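*Asks:* Next up is a structure, given as structure tokens.
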Amino acid sequence: MSKERTSAVPAAPAYVPTDADFAFDTTIDITTDRNYASQGFWKGVFMRFFKSVRAVIGLVIIGIIIILALIGPHMNSYGYSDIQSVTDPETGKEVTARSMPPHVPWLHKLTTGESYDDPFAEETFLFGTDSMGRDLWTRVWYGARVSLLIAFVTIFIDMIIGMSFGLISGFFGGVADAVMQRFVEVANSIPRLVIVGVLATFMPKGIVLVIVALLLTEWIGMSKIARAEMLKIKGQEYIMASRTLGAGNWRIIFIDILPNTIGPIITQMMFSIPTAIFTEAFLSFVGVGIMLPQCSVGSLIEDGFNNITTLPYQIVPPILVLAFLMLAFNFVGDGLREALAPRIEDM
Amino acid sequence: MAANYNAEPILKVEHMSQHFKINSAFTVKAVDDVSFEIYPGETYGLVGESGSGKTTIGRGIIRLYDPTGGKITFKGADITGRLNRETSQLLRTKMQMIFQDPMASLNPRKKIGDIIGEGLDIHHMYRTKEERKEHIDGILKKVGLAVEHYDRYPYQFSGGQRQRVGIARALIMNPELIIADECISALDVSIQAQVVNLMKDIQEETGTAYLFIAHDLSMVKYISDRIGVLHLGKMLETGTTDEIFSRPLHPYTKSLLSAIPSPNPRVEKARTAVEYDYETSGIDYGKGSLTLVEGTHYVHGTAEEVRKWTSESAG
């Protein structure tokens, strides 16, 4: 049938491609391109971070809390464990400033036109005092130091132990992975309280005990996230490309893969900070954490919670500090993730 | 620089096999007893359907996998088994790979300059930062990108541009063999031509050899000097492009070639695709061996099969 057709029209020979079919268009100069100004990596991270309003707010809040934690306890003459008391000139009895609501003489004068008529007329207790008669302002900022310390220790634990453990376990796979994962399962199956109980038998109670307890268990969540990310990324073609260029395992794990896992890792870190701060509060509550008269935000909340119906002002300052701290860490975490992981939709 | 067939082959693959053990009862023979040679400056095309083992061969040669059998010699050095420092250095600099998917083969968190310069960094191939930058800028221009692209991220590029970056990354090491693993399959047809021409230009300029893995036969015909046809992990037929295209012997090769569409509608209308099914063809790949037909044209089969096919094609 096709023969009849070709007889009507002269048969065309099969087309043979030549070099001239595909040629570069050299009339357009593609070697200059001014759409994007070039910028350094960290400069880009900085710019993207500070462009995010939330991240900046978070950073400012953390900054304010850090500054207040550093100078707050020194802004008045009260020590964190000093029970405020005066001798009543009339009766000669010792009067302690127990459970006083916020007590600011100039503000009281401004609003009511009168001075306080209690024995502490000239004293300022901005947040009031606790049921023992200690200044809450001093104690809240003193306690914030403990929470900040726990937060930074957690970051350290997550980044150094958890991340490295997970990345290495996921990268090498096989026997190494199996052994490391069984270890994680064993470590994860022991309740934290049991670990703390064992530790408490040969360690003095206090902040060091809390930190050691966190060191032993806090990295597990992070190691799982890091391992999952590693498994996802290590089969990618760009990792193969690094291999064909002769990159060693160390370089592939920490230079090629790590930056690609930074999003989930920072998110996980920001989740683990509140957990760790609450762990500290919990351990203080059961009596192996911060010991009285020392305090942390957690132990202050516990104290305030006992009196919440009668003295609600006691719980407000430590709760606000804790809440703002959590919120700020989350904001900064979000901002960091977006700044470190530029994607087209973020630009 | 044209291919130099008088020189020693730059890559010699002898009886290479790559088996993947799935469990104690079942092993996938992805590549089975494959041999071929690549000479300096030539382009060797490896064709075959999906799952025929093309990519596995490429990855086995560059040692992303450890071949389970056979011997691979690159520039006179045995690159099978455990690599010592010098062989590893030779393999990682003088043999490079261009990957299939330009979207996946560039690290999204790295700048183009650092992606291209990674080989330089790993092998400490520069003395000063300026020297490194100069080197990378030169390569960028060579592959048709701009110097300004140095500081950008992969997501800021189109597919064709990304593949150029992939080519640049391979080129910066001055390789003598580049394994191009389906490097144009993921690209738009118009961009395929650009990239293939770029590869040809580079070959002319630097004299590098290519192992060109593809399933697009017309592109393979356009770029390759010699071709190997692969099916189910076996090398079925190999020879110069001319030999394969003008006188295909193995029924599988015939079937492959008959599937190429023609741009001429009249020819295309008359084209009938020859079907080939291993199960019903009566050919057993296990029995035959690679037999020389003429020149450099080899076909895989038993003596009887080869005689039958050659007489068919002669008649």
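Residues are named by chain letter and number: chains run A, B, ... in the order of the structure tokens, numbers start at 1 in each chain, and ligands are numbered from 1 in the order shown.
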If we count only C-alpha atoms, which residues of chain B reach to within 7 Å of chain A? Please list them as a CSV table (one decimal) with C-alpha atoms, in the first residue's frame.
*Replies:*
chain,number,residue,atom,x,y,z
B,62,ILE,CA,33.4,4.2,38.7
B,92,ARG,CA,38.6,9.8,41.4
B,93,THR,CA,40.3,12.3,39.2
B,96,GLN,CA,34.3,11.3,36.2
B,97,MET,CA,30.6,10.9,35.9
B,104,ALA,CA,18.9,15.5,41.9
B,105,SER,CA,22.6,15.5,41.1
B,106,LEU,CA,23.4,19.0,42.6
B,107,ASN,CA,23.5,19.5,46.3
B,109,ARG,CA,22.6,23.6,49.9
B,119,GLY,CA,36.9,17.9,43.3
B,122,ILE,CA,39.0,17.2,47.9
B,145,LEU,CA,27.5,29.5,32.0
B,146,ALA,CA,28.3,33.0,33.3
B,147,VAL,CA,31.0,33.8,35.9
B,148,GLU,CA,28.2,35.4,38.0
B,151,ASP,CA,27.5,32.3,43.9
B,155,TYR,CA,17.4,25.9,42.4
B,193,ALA,CA,20.9,18.9,21.5
B,194,GLN,CA,22.7,21.7,23.3
B,264,ASN,CA,10.2,11.5,7.5
B,267,VAL,CA,9.3,6.4,6.0
B,270,ALA,CA,6.2,2.2,6.4
*Asks:* DSSP on the backbone: what in stretch 37-239 of chain B comes out strand (DSSP E or B), as number ranges by chain?
*Replies:* B: 37-38, 43-47, 69-74, 77-78, 95-98, 177-181, 209-213, 226-231, 234-239
*Asks:* Go ahead and compute the interatomic distance for atom CA of B:Gln192 and atom CA of B:Lys12, in Å to one decimal.
*Replies:*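 The value is 28.6 Å.
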*Asks:* Write out as a PyMOL selection string each polymer residue whose atoms come within 10 Å of A:Pro293, counting only C-alpha atoms; drop sequence neighbours fewer than 6 positions from it.
*Replies:* chain A and resi 80-82+134+139
*Asks:* Find the spatial neighbours of stretch 126-131 of chain B, counting only C-alpha atoms, within a cut-off of 12 Å - ignore same-chain residues fewer than 4 positions away - and output them as an NGL selection string.
*Replies:* :B and (113-114 or 117-122 or 135-138 or 172-173)
*Asks:* Quick one: write out the picked residues with C-alpha atoms as a PDB file, in the first residue's frame?
*Replies:*
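Ended up saving to out_39.pdb:
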ATOM      1  CA  GLY B 113      31.036  27.412  42.574  1.00  0.00           C
ATOM      2  CA  ASP B 114      31.443  25.029  45.484  1.00  0.00           C
ATOM      3  CA  GLY B 117      35.064  23.139  42.945  1.00  0.00           C
ATOM      4  CA  GLU B 118      34.404  20.126  45.175  1.00  0.00           C
ATOM      5  CA  GLY B 119      36.888  17.940  43.306  1.00  0.00           C
ATOM      6  CA  LEU B 120      39.528  20.645  43.585  1.00  0.00           C
ATOM      7  CA  ASP B 121      38.862  20.922  47.315  1.00  0.00           C
ATOM      8  CA  ILE B 122      39.012  17.183  47.905  1.00  0.00           C
ATOM      9  CA  HIS B 135      39.862  27.671  37.501  1.00  0.00           C
ATOM     10  CA  ILE B 136      36.131  27.448  38.236  1.00  0.00           C
ATOM     11  CA  ASP B 137      35.362  30.591  36.244  1.00  0.00           C
ATOM     12  CA  GLY B 138      37.184  29.102  33.274  1.00  0.00           C
ATOM     13  CA  ILE B 172      37.262  20.459  36.180  1.00  0.00           C
ATOM     14  CA  MET B 173      39.244  17.346  37.062  1.00  0.00           C
TER      15      MET B 173
END
*Asks:* Neighbours of B:Gly69 within 10 Å (only C-alpha atoms; same-chain residues fewer than 3 positions away dropped), as a PyMOL selection string?
*Replies:* chain B and resi 14-19+31-34+66+72+80-81
*Asks:* For stretch 300-310 of chain A, work out the shell of residues within 7 Å, counting only C-alpha atoms and skipping chain neighbours fewer than 6 positions away, then give it as a list in words.
*Replies:*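 My reading of the contact set: Phe285, Pro318 and Ile319 of chain A.
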*Asks:* With a distance cut-off of 6 Å and only C-alpha atoms, select the neighbouring residues of stretch 195-210 of chain A, excluding the residue or stretch itself and same-chain residues fewer than 6 positions from it, and output the selection as an MDAnalysis selection string.
*Replies:* chainID A and resid 288:290
*Asks:* Write the residues of the selection above to a file with C-alpha atoms, as an mmCIF file, in the first residue's frame.
*Replies:*
data_model
loop_
_atom_site.group_PDB
_atom_site.id
_atom_site.type_symbol
_atom_site.label_atom_id
_atom_site.label_comp_id
_atom_site.auth_asym_id
_atom_site.auth_seq_id
_atom_site.Cartn_x
_atom_site.Cartn_y
_atom_site.Cartn_z
ATOM 1 C CA VAL A 288 16.378 15.651 93.007
ATOM 2 C CA GLY A 289 16.772 18.811 90.952
ATOM 3 C CA ILE A 290 17.335 22.292 92.229
#
*Asks:* By how many Å are atom CA of B:Glu237 and atom CA of B:Thr253 apart?
*Replies:*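 Interatomic distance, atom CA of B:Glu237 to atom CA of B:Thr253: 7.4 Å.
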*Asks:* Go through B:Leu140, B:Arg63, B:Glu279, B:Tyr298 one by one, measure the shortest atom-to-atom distance of each to B:Val165 using only C-alpha atoms, and give the residue with the smallest value.
*Replies:*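 The shortest atom-to-atom distance to B:Val165 comes from B:Leu140.
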*Asks:* Just the alpha helix (DSSP H) stuff from stretch 83-231 of chain B, please, per backbone DSSP, written as a PyMOL selection string.
*Replies:* chain B and resi 85-94+112-122+129-142+159-171+189-206+217-223
*Asks:* Rank nothing, just name the residue among B:Asn174, B:Gln100, B:Thr291, B:Thr55 nearest to B:Gly239, using only C-alpha atoms.
*Replies:*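 Of B:Asn174, B:Gln100, B:Thr291, B:Thr55, the one nearest B:Gly239 is B:Thr291, counting only C-alpha atoms.
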